[in-house]
Structure formats: C-alpha cells, structure tokens
file final.pdb (PDB, C-alpha atoms)
ATOM      1  CA  ASP A  18       1.413   1.253 -15.619
ATOM      2  CA  ALA A  19       1.795   4.991 -15.282
ATOM      3  CA  LYS A  20       4.748   6.011 -13.127
ATOM      4  CA  THR A  21       5.331   8.692 -10.562
ATOM      5  CA  THR A  22       8.511  10.538  -9.600
ATOM      6  CA  GLN A  23       9.135  11.788  -6.062
ATOM      7  CA  PRO A  24      12.160  13.176  -4.249
ATOM      8  CA  ASN A  25      13.929  10.539  -2.174
ATOM      9  CA  SER A  26      13.804  12.550   1.019
ATOM     10  CA  MET A  27      12.609  15.781   2.563
ATOM     11  CA  GLU A  28      12.986  17.450   5.933
ATOM     12  CA  SER A  29      10.737  19.660   7.964
ATOM     13  CA  ASN A  30      10.520  21.202  11.383
ATOM     14  CA  GLU A  31       7.655  20.451  13.683
ATOM     15  CA  GLU A  32       4.566  22.644  13.248
ATOM     16  CA  GLU A  33       5.711  23.898   9.841
ATOM     17  CA  PRO A  34       3.832  23.153   6.616
ATOM     18  CA  VAL A  35       5.251  20.472   4.340
ATOM     19  CA  HIS A  36       4.769  20.276   0.587
ATOM     20  CA  LEU A  37       5.538  16.869  -0.896
ATOM     21  CA  PRO A  38       5.740  16.971  -4.714
ATOM     22  CA  CYS A  39       4.955  14.232  -7.201
ATOM     23  CA  ASN A  40       5.374  14.197 -10.964
ATOM     24  CA  HIS A  41       3.205  11.942 -13.106
ATOM     25  CA  SER A  42       3.573  13.154 -16.665
ATOM     26  CA  THR A  43       2.142   9.951 -18.202
ATOM     27  CA  ILE A  44      -1.096  10.040 -16.233
ATOM     28  CA  SER A  45      -4.183   9.065 -18.184
ATOM     29  CA  GLY A  46      -7.499  10.845 -18.013
ATOM     30  CA  THR A  47      -9.082   8.213 -15.824
ATOM     31  CA  ASP A  48      -6.257   7.711 -13.325
ATOM     32  CA  TYR A  49      -6.873   8.839  -9.773
ATOM     33  CA  ILE A  50      -3.953  10.187  -7.748
ATOM     34  CA  HIS A  51      -3.627   8.475  -4.385
ATOM     35  CA  TRP A  52      -1.276   9.153  -1.501
ATOM     36  CA  TYR A  53      -0.339   6.624   1.131
ATOM     37  CA  ARG A  54       2.213   6.807   3.881
ATOM     38  CA  GLN A  55       4.092   4.167   5.806
ATOM     39  CA  LEU A  56       5.197   4.839   9.346
ATOM     40  CA  PRO A  57       8.070   2.805  10.757
ATOM     41  CA  SER A  58       7.138  -0.805  11.462
ATOM     42  CA  GLN A  59       3.596  -0.372  10.159
ATOM     43  CA  GLY A  60       1.655  -1.112   7.005
ATOM     44  CA  PRO A  61       0.874   1.625   4.501
ATOM     45  CA  GLU A  62      -1.876   4.029   5.495
ATOM     46  CA  TYR A  63      -4.244   5.794   3.130
ATOM     47  CA  VAL A  64      -3.871   9.580   3.221
ATOM     48  CA  ILE A  65      -5.896  11.172   0.441
ATOM     49  CA  HIS A  66      -6.852  10.860  -3.221
ATOM     50  CA  GLY A  67      -8.169  13.027  -6.039
ATOM     51  CA  LEU A  68      -8.900  13.172  -9.735
ATOM     52  CA  THR A  69      -8.856  16.776 -10.939
ATOM     53  CA  SER A  70      -9.885  19.126  -8.164
ATOM     54  CA  ASN A  71      -7.960  19.928  -5.023
ATOM     55  CA  VAL A  72      -9.017  17.838  -2.040
ATOM     56  CA  ASN A  73      -8.900  18.329   1.712
ATOM     57  CA  ASN A  74      -9.389  15.916   4.570
ATOM     58  CA  ARG A  75      -8.458  15.777   8.229
ATOM     59  CA  MET A  76      -4.988  14.481   7.459
ATOM     60  CA  ALA A  77      -3.827  16.564   4.517
ATOM     61  CA  SER A  78      -4.604  18.521   1.371
ATOM     62  CA  LEU A  79      -3.954  17.453  -2.200
ATOM     63  CA  ALA A  80      -3.231  20.074  -4.822
ATOM     64  CA  ILE A  81      -3.458  18.834  -8.414
ATOM     65  CA  ALA A  82      -1.993  20.765 -11.312
ATOM     66  CA  GLU A  83      -4.371  21.870 -14.018
ATOM     67  CA  ASP A  84      -2.744  19.559 -16.590
ATOM     68  CA  ARG A  85      -2.692  16.754 -13.966
ATOM     69  CA  LYS A  86       0.958  16.025 -14.663
ATOM     70  CA  SER A  87       1.948  16.816 -11.116
ATOM     71  CA  SER A  88       0.457  17.023  -7.647
ATOM     72  CA  THR A  89       1.480  18.120  -4.169
ATOM     73  CA  LEU A  90       0.556  16.635  -0.829
ATOM     74  CA  ILE A  91       0.339  19.324   1.821
ATOM     75  CA  LEU A  92       0.671  18.643   5.521
ATOM     76  CA  HIS A  93      -0.420  21.900   7.110
ATOM     77  CA  ARG A  94       1.435  21.501  10.394
ATOM     78  CA  ALA A  95       3.935  18.687  10.555
ATOM     79  CA  THR A  96       4.187  16.682  13.744
ATOM     80  CA  LEU A  97       6.792  14.142  14.779
ATOM     81  CA  ARG A  98       4.205  11.459  14.057
ATOM     82  CA  ASP A  99       4.154  12.513  10.398
ATOM     83  CA  ALA A 100       7.683  11.168   9.893
ATOM     84  CA  ALA A 101       7.131   8.412   7.346
ATOM     85  CA  VAL A 102       7.642   7.365   3.747
ATOM     86  CA  TYR A 103       5.018   9.018   1.540
ATOM     87  CA  TYR A 104       3.953   7.292  -1.645
ATOM     88  CA  CYS A 105       2.261   9.001  -4.580
ATOM     89  CA  ILE A 106       0.381   6.388  -6.612
ATOM     90  CA  LEU A 107      -1.629   6.438  -9.803
ATOM     91  CA  ARG A 108      -4.451   4.046  -9.279
ATOM     92  CA  ASP A 109      -4.588   1.369 -11.964
ATOM     93  CA  SER A 110      -7.982   1.615 -13.619
ATOM     94  CA  ILE A 111      -8.222  -2.024 -14.667
ATOM     95  CA  THR A 112      -6.917  -4.240 -11.899
ATOM     96  CA  ASP A 113      -7.290  -1.884  -8.942
ATOM     97  CA  LYS A 114      -3.837  -2.760  -7.621
ATOM     98  CA  LEU A 115      -1.572  -0.175  -6.024
ATOM     99  CA  ILE A 116       1.796   0.305  -7.702
ATOM    100  CA  PHE A 117       4.225   1.701  -5.150
ATOM    101  CA  GLY A 118       7.326   3.606  -6.165
ATOM    102  CA  THR A 119      10.199   4.424  -3.825
ATOM    103  CA  GLY A 120       8.356   7.271  -2.142
ATOM    104  CA  THR A 121       9.640  10.280  -0.210
ATOM    105  CA  ARG A 122      11.070   9.777   3.247
ATOM    106  CA  LEU A 123       9.955  12.703   5.383
ATOM    107  CA  GLN A 124      11.954  13.580   8.465
ATOM    108  CA  VAL A 125      10.415  15.920  11.020
ATOM    109  CA  PHE A 126      12.612  17.660  13.543
ATOM    110  CA  PRO A 127      11.481  19.021  16.909
TER     111      PRO A 127
ATOM    112  CA  ASP B   8      -6.027   0.433  13.944
ATOM    113  CA  SER B   9      -6.952  -0.280  10.308
ATOM    114  CA  GLY B  10      -9.284  -3.142  11.166
ATOM    115  CA  VAL B  11      -7.261  -5.580   9.055
ATOM    116  CA  THR B  12      -5.763  -8.422  11.074
ATOM    117  CA  GLN B  13      -2.756 -10.413   9.973
ATOM    118  CA  THR B  14      -1.345 -13.456  11.713
ATOM    119  CA  PRO B  15       1.240 -14.378  12.652
ATOM    120  CA  LYS B  16       3.216 -11.166  13.162
ATOM    121  CA  HIS B  17       6.530 -12.951  12.841
ATOM    122  CA  LEU B  18       7.471 -16.235  11.240
ATOM    123  CA  ILE B  19      10.882 -17.852  11.203
ATOM    124  CA  THR B  20      11.443 -20.966   9.162
ATOM    125  CA  ALA B  21      13.997 -22.737   7.011
ATOM    126  CA  THR B  22      14.576 -23.035   3.302
ATOM    127  CA  GLY B  23      12.385 -25.568   1.561
ATOM    128  CA  GLN B  24       9.567 -25.249   4.059
ATOM    129  CA  ARG B  25       5.974 -24.145   3.528
ATOM    130  CA  VAL B  26       4.091 -21.481   5.490
ATOM    131  CA  THR B  27       0.616 -20.000   5.537
ATOM    132  CA  LEU B  28      -0.087 -16.348   6.252
ATOM    133  CA  ARG B  29      -3.576 -15.338   7.286
ATOM    134  CA  CYS B  30      -5.528 -12.146   6.792
ATOM    135  CA  SER B  31      -8.906 -11.047   8.119
ATOM    136  CA  PRO B  32     -10.248  -8.016   6.240
ATOM    137  CA  ARG B  33     -12.156  -5.130   7.770
ATOM    138  CA  SER B  34     -15.762  -5.891   8.481
ATOM    139  CA  GLY B  35     -17.789  -5.412   5.301
ATOM    140  CA  ASP B  36     -14.811  -5.370   2.942
ATOM    141  CA  LEU B  37     -15.067  -7.841   0.075
ATOM    142  CA  SER B  38     -11.654  -7.355  -1.510
ATOM    143  CA  VAL B  39      -8.352  -8.622  -0.195
ATOM    144  CA  TYR B  40      -4.963  -7.726  -1.641
ATOM    145  CA  TRP B  41      -1.565  -9.178  -0.844
ATOM    146  CA  TYR B  42       1.695  -7.233  -1.125
ATOM    147  CA  GLN B  43       5.310  -8.135  -0.498
ATOM    148  CA  GLN B  44       7.853  -5.628   0.828
ATOM    149  CA  SER B  45      11.517  -6.462   0.594
ATOM    150  CA  LEU B  46      14.559  -4.234   0.926
ATOM    151  CA  ASP B  47      15.591  -4.543  -2.700
ATOM    152  CA  GLN B  48      12.163  -4.629  -4.412
ATOM    153  CA  GLY B  49      10.103  -2.297  -2.285
ATOM    154  CA  LEU B  50       6.342  -2.816  -2.007
ATOM    155  CA  GLN B  51       5.019  -5.093  -4.736
ATOM    156  CA  PHE B  52       1.494  -6.219  -5.489
ATOM    157  CA  LEU B  53       1.042  -9.989  -5.455
ATOM    158  CA  ILE B  54      -2.618 -10.863  -5.889
ATOM    159  CA  HIS B  55      -6.175  -9.573  -5.466
ATOM    160  CA  TYR B  56      -9.295 -11.500  -4.454
ATOM    161  CA  TYR B  57     -12.824 -10.221  -4.499
ATOM    162  CA  ASN B  58     -15.600 -12.105  -2.745
ATOM    163  CA  GLY B  59     -13.788 -15.402  -3.101
ATOM    164  CA  GLU B  60     -12.642 -15.007  -6.695
ATOM    165  CA  GLU B  61      -9.203 -14.132  -7.985
ATOM    166  CA  ARG B  62      -9.298 -10.743  -9.704
ATOM    167  CA  ALA B  63      -5.698  -9.923 -10.570
ATOM    168  CA  LYS B  64      -2.212 -11.297 -10.281
ATOM    169  CA  GLY B  65       0.958  -9.324  -9.979
ATOM    170  CA  ASN B  66       4.520 -10.444  -9.416
ATOM    171  CA  ILE B  67       3.549 -13.605  -7.599
ATOM    172  CA  LEU B  68       5.810 -16.619  -7.897
ATOM    173  CA  GLU B  69       4.385 -19.995  -8.894
ATOM    174  CA  ARG B  70       5.515 -21.319  -5.498
ATOM    175  CA  PHE B  71       3.043 -18.904  -3.910
ATOM    176  CA  SER B  72      -0.714 -19.283  -3.914
ATOM    177  CA  ALA B  73      -3.625 -17.607  -2.215
ATOM    178  CA  GLN B  74      -7.309 -18.044  -1.636
ATOM    179  CA  GLN B  75     -10.213 -16.210  -0.113
ATOM    180  CA  PHE B  76     -12.713 -18.188   1.891
ATOM    181  CA  PRO B  77     -16.520 -17.776   2.183
ATOM    182  CA  ASP B  78     -16.081 -15.815   5.423
ATOM    183  CA  LEU B  79     -13.819 -13.478   3.366
ATOM    184  CA  HIS B  80     -10.611 -14.155   5.232
ATOM    185  CA  SER B  81      -7.662 -14.916   3.009
ATOM    186  CA  GLU B  82      -4.567 -17.054   3.202
ATOM    187  CA  LEU B  83      -1.293 -16.712   1.351
ATOM    188  CA  ASN B  84       0.620 -19.973   1.013
ATOM    189  CA  LEU B  85       4.337 -19.874   0.361
ATOM    190  CA  SER B  86       6.100 -23.127  -0.445
ATOM    191  CA  SER B  87       9.629 -24.341  -1.220
ATOM    192  CA  LEU B  88      10.848 -21.278   0.590
ATOM    193  CA  GLU B  89      14.096 -19.630  -0.445
ATOM    194  CA  LEU B  90      16.265 -17.107   1.350
ATOM    195  CA  GLY B  91      15.022 -14.420  -1.024
ATOM    196  CA  ASP B  92      11.454 -14.882   0.199
ATOM    197  CA  SER B  93      12.359 -13.187   3.446
ATOM    198  CA  ALA B  94      10.202 -10.070   3.491
ATOM    199  CA  LEU B  95       7.252  -8.302   5.015
ATOM    200  CA  TYR B  96       3.938  -9.525   3.643
ATOM    201  CA  PHE B  97       1.015  -7.132   3.857
ATOM    202  CA  CYS B  98      -2.631  -7.740   3.395
ATOM    203  CA  ALA B  99      -5.021  -4.928   2.510
ATOM    204  CA  SER B 100      -8.767  -4.800   2.120
ATOM    205  CA  SER B 101     -11.267  -2.519   0.445
ATOM    206  CA  ARG B 102     -15.020  -2.297   0.237
ATOM    207  CA  SER B 103     -15.541  -3.518  -3.313
ATOM    208  CA  GLY B 104     -13.692  -5.128  -6.183
ATOM    209  CA  THR B 105     -13.092  -2.156  -8.363
ATOM    210  CA  GLY B 106     -13.188   1.546  -7.957
ATOM    211  CA  ARG B 107     -10.234   3.795  -8.341
ATOM    212  CA  ASN B 108     -11.410   6.014  -5.538
ATOM    213  CA  GLN B 109     -11.650   3.392  -2.825
ATOM    214  CA  PRO B 110      -8.836   3.342  -0.310
ATOM    215  CA  GLN B 111      -7.124   0.140   0.657
ATOM    216  CA  HIS B 112      -6.645  -0.503   4.362
ATOM    217  CA  PHE B 113      -3.498  -2.348   5.320
ATOM    218  CA  GLY B 114      -2.683  -4.661   8.158
ATOM    219  CA  ASP B 115       0.565  -4.461  10.088
ATOM    220  CA  GLY B 116       2.077  -7.295   8.106
ATOM    221  CA  THR B 117       3.752 -10.629   8.717
ATOM    222  CA  ARG B 118       7.524 -10.568   8.875
ATOM    223  CA  LEU B 119       8.867 -13.764   7.309
ATOM    224  CA  SER B 120      12.460 -14.727   7.955
ATOM    225  CA  ILE B 121      14.019 -17.654   6.146
ATOM    226  CA  LEU B 122      17.122 -19.130   7.762
TER     227      LEU B 122
END
call {"tool": "encode", "arguments": {"input": "final.pdb", "output": "structure tokens"}}
result
Amino acid sequence: DAKTTQPNSMESNEEEPVHLPCNHSTISGTDYIHWYRQLPSQGPEYVIHGLTSNVNNRMASLAIAEDRKSSTLILHRATLRDAAVYYCILRDSITDKLIFGTGTRLQVFP
Amino acid sequence: DSGVTQTPKHLITATGQRVTLRCSPRSGDLSVYWYQQSLDQGLQFLIHYYNGEERAKGNILERFSAQQFPDLHSELNLSSLELGDSALYFCASSRSGTGRNQPQHFGDGTRLSIL
C-alpha cells in the first residue's frame, strides 16, 4: 500500500487560507489522491479527490504536483468549524479500502 | 448528516462477551465498509461488503465477523471481547463496489467500551 506523509499539526487563524501538504512519493499511476477530515466526535468526512489535475469543490481545492509525488489541500478561508484532523489517502486500486495515516491536526484560532 | 446510520452509539460490556454493531448505509449505496479507530492504532480498515458479498478483508480478528443482508444493512459481530477491543467502530458506505473516485460516507460510529 502506498503511503503518505503529513505534518502532525498545523495552525491557522480564522478567515485565513490554509495549505495542508501531503507527500506521496511512492504513488502509482492509477492511484487517486483523496482527502478526508474528521471533526471531533464524528466519523471521517469526504473532502475532495483528484488524479492529476487540480480540483475545486465547495469545501476546498486540491493542488497536485506535476510529478504527483505531493499534493496540497487548500482551505480558502478557514473557519472554526474547519478544526479537524485531515487525512491524505491514496486510494487502493484493488480492494477499494481507505488506508488512513496519522493525518494533520488543524487548529483554527479566532 | 452523512445518511449512514449506526446503532447503538455507545456500548458497554465485559470481557468475554459478544456484541453486534449495526449499520444502515445511505439509500442506494451497495457497499459497506467497517473501520476500527483506537488510540494506539488509529483508523484501520476491517472489512468490505458489496451487495451482500465479502469483497476485502483488512486487519480483522478471527473473533470478529460481519455480514451484509439483502436489505443492504450490515452487522459487525465481535465475540470473546478483550479489553483491547475497546474502540470506535465506524461504518461507511459508497455507491458501488469498486471505483477509486467514489467517496465513502461515514456514520458517527459506535463507541465500544470493554470493562
């Protein structure tokens, strides 16, 4: 299973942009990059995913490096509700399971 | 609200006992996944069912078993419980059985405490 590396924690102020990095140097050509987040006392929540091109949705943007060995989740304006653990996951192409790492704990300050 | 329902929310029992956790997937979703989240192991994949059939197994103990019924709800059975089984158990569902670009939708979990 391909692995990802994320910083343990990051901090942001409310209404500022947040860039959450993820390294995945062993990614294969068919692996999708998925991001999930887990708010306190809740189950993980899907955020965004992509393969090669940058992606945008109502929650966030995903910027993928040209060599696909790294990606960045961008929250354009952090809110207090965005405080969570963010997981960068390479989607297993055979069994479809999600392999969670330790994630990045994002703190947002008012 | 993800649309995935897990019951019960909390379960307290003793070592050696057996419990059943239940999951109702989102309407229209055919796949159900079970995950375990403990403090020392993090979130770990246990098992995947698609339309009633087992598709993949992860780090699931032999004391644990699961099934998916014709109405697509799923149950995770944990037996001969040990203190180390105390954890959050999450169920997730997705539309189909495979597809790297399909999100999984998680329930709020069942917190199992073994005394």
call {"tool": "resolve_selection", "arguments": {"input": "final.pdb", "expression": "the PyMOL selection byres ((chain A and resi 96) around 10)", "output": "VMD selection string"}}
result
chain A and resid 29 to 34 92 to 95 97 to 100 124 to 127
call {"tool": "interface_residues", "arguments": {"input": "final.pdb", "of": "chain B", "to": "chain A", "cutoff": "8 Å", "atoms": "all atoms listed in the file", "output": "VMD selection string"}}
result
chain B and resid 40 49 to 52 55 62 to 63 97 104 to 108 110 to 116
call {"tool": "closest_residue", "arguments": {"input": "final.pdb", "among": "B:Phe71, B:Tyr57, B:Phe76, B:Tyr96", "to": "B:Asp36", "atoms": "all atoms listed in the file"}}
result
B:Tyr57
call {"tool": "residues_around", "arguments": {"input": "final.pdb", "residues": "B:Ser120", "least_positions_apart": "5", "cutoff": "9 Å", "atoms": "all atoms listed in the file", "output": "PyMOL selection string"}}
result
chain B and resi 17-21+90+92-95
call {"tool": "closest_residue", "arguments": {"input": "final.pdb", "among": "B:Leu122, B:Ser100, B:Leu79, B:Ser86", "to": "B:Val26", "atoms": "all atoms listed in the file"}}
result
B:Ser86
call {"tool": "atom_distance", "arguments": {"input": "final.pdb", "atom1": "atom CA of A:Tyr103", "atom2": "atom CA of B:Leu83"}}
result
26.5 Å
call {"tool": "closest_residue", "arguments": {"input": "final.pdb", "among": "A:Asn71, A:Leu90, A:Ser42, A:Val35", "to": "A:Thr22", "atoms": "all atoms listed in the file"}}
result
A:Ser42
call {"tool": "residues_around", "arguments": {"input": "final.pdb", "residues": "B:Asp78", "least_positions_apart": "2", "cutoff": "12 Å", "atoms": "all atoms listed in the file", "output": "PyMOL selection string"}}
result
chain B and resi 30-39+57-59+74-76+80-82
call {"tool": "closest_residue", "arguments": {"input": "final.pdb", "among": "B:Asn84, B:Gly91, B:Cys98, B:Ser9", "to": "B:Thr117", "atoms": "all atoms listed in the file"}}
result
B:Cys98
call {"tool": "decode", "arguments": {"input": "final.pdb", "residues": "stretch 26-53 of chain A", "atoms": "N, CA and C atoms", "output": "compact mmCIF listing (two decimals), in the first residue's frame"}}
result
# COMPACT_ATOMS: atom_id res chain seq x y z
N SER A 26 0.74 18.51 12.88
CA SER A 26 -0.20 19.56 13.24
C SER A 26 0.10 20.84 12.49
N MET A 27 -0.94 21.66 12.35
CA MET A 27 -0.81 22.98 11.76
C MET A 27 -1.79 23.92 12.45
N GLU A 28 -1.50 25.20 12.37
CA GLU A 28 -2.36 26.20 12.99
C GLU A 28 -2.73 27.26 11.95
N SER A 29 -3.88 27.84 12.16
CA SER A 29 -4.32 28.91 11.29
C SER A 29 -5.21 29.86 12.08
N ASN A 30 -5.33 31.06 11.57
CA ASN A 30 -6.30 31.99 12.11
C ASN A 30 -7.55 31.96 11.26
N GLU A 31 -8.65 32.28 11.91
CA GLU A 31 -9.93 32.28 11.20
C GLU A 31 -9.87 33.24 10.01
N GLU A 32 -10.52 32.82 8.92
CA GLU A 32 -10.65 33.59 7.69
C GLU A 32 -9.35 33.70 6.89
N GLU A 33 -8.31 33.01 7.31
CA GLU A 33 -7.08 32.97 6.52
C GLU A 33 -7.04 31.69 5.70
N PRO A 34 -6.32 31.69 4.58
CA PRO A 34 -6.19 30.45 3.81
C PRO A 34 -5.26 29.47 4.53
N VAL A 35 -5.53 28.19 4.32
CA VAL A 35 -4.72 27.13 4.92
C VAL A 35 -4.26 26.18 3.82
N HIS A 36 -2.98 25.86 3.84
CA HIS A 36 -2.42 24.93 2.86
C HIS A 36 -1.90 23.71 3.62
N LEU A 37 -2.55 22.59 3.42
CA LEU A 37 -2.17 21.36 4.10
C LEU A 37 -1.40 20.47 3.13
N PRO A 38 -0.11 20.22 3.40
CA PRO A 38 0.70 19.45 2.44
C PRO A 38 0.63 17.95 2.69
N CYS A 39 0.91 17.21 1.63
CA CYS A 39 0.97 15.75 1.72
C CYS A 39 2.01 15.24 0.72
N ASN A 40 2.91 14.41 1.20
CA ASN A 40 3.88 13.77 0.31
C ASN A 40 3.50 12.33 0.07
N HIS A 41 3.59 11.90 -1.17
CA HIS A 41 3.27 10.52 -1.54
C HIS A 41 4.18 10.11 -2.68
N SER A 42 5.45 9.94 -2.35
CA SER A 42 6.47 9.70 -3.38
C SER A 42 6.34 8.34 -4.05
N THR A 43 5.63 7.39 -3.41
CA THR A 43 5.51 6.05 -3.99
C THR A 43 4.18 5.85 -4.71
N ILE A 44 3.52 6.92 -5.03
CA ILE A 44 2.21 6.83 -5.68
C ILE A 44 2.35 6.13 -7.04
N SER A 45 1.37 5.33 -7.37
CA SER A 45 1.39 4.67 -8.67
C SER A 45 0.51 5.46 -9.63
N GLY A 46 0.64 5.15 -10.90
CA GLY A 46 -0.05 5.93 -11.92
C GLY A 46 -1.56 5.88 -11.84
N THR A 47 -2.08 4.85 -11.19
CA THR A 47 -3.53 4.70 -11.14
C THR A 47 -4.13 5.06 -9.78
N ASP A 48 -3.30 5.50 -8.85
CA ASP A 48 -3.81 5.88 -7.53
C ASP A 48 -4.45 7.26 -7.57
N TYR A 49 -5.65 7.35 -7.02
CA TYR A 49 -6.28 8.64 -6.80
C TYR A 49 -5.84 9.18 -5.43
N ILE A 50 -5.79 10.48 -5.32
CA ILE A 50 -5.47 11.15 -4.06
C ILE A 50 -6.78 11.63 -3.44
N HIS A 51 -7.07 11.13 -2.26
CA HIS A 51 -8.30 11.51 -1.57
C HIS A 51 -7.95 12.24 -0.29
N TRP A 52 -8.81 13.16 0.10
CA TRP A 52 -8.69 13.84 1.39
C TRP A 52 -10.00 13.66 2.16
N TYR A 53 -9.83 13.28 3.41
CA TYR A 53 -10.94 13.19 4.34
C TYR A 53 -10.57 14.01 5.57
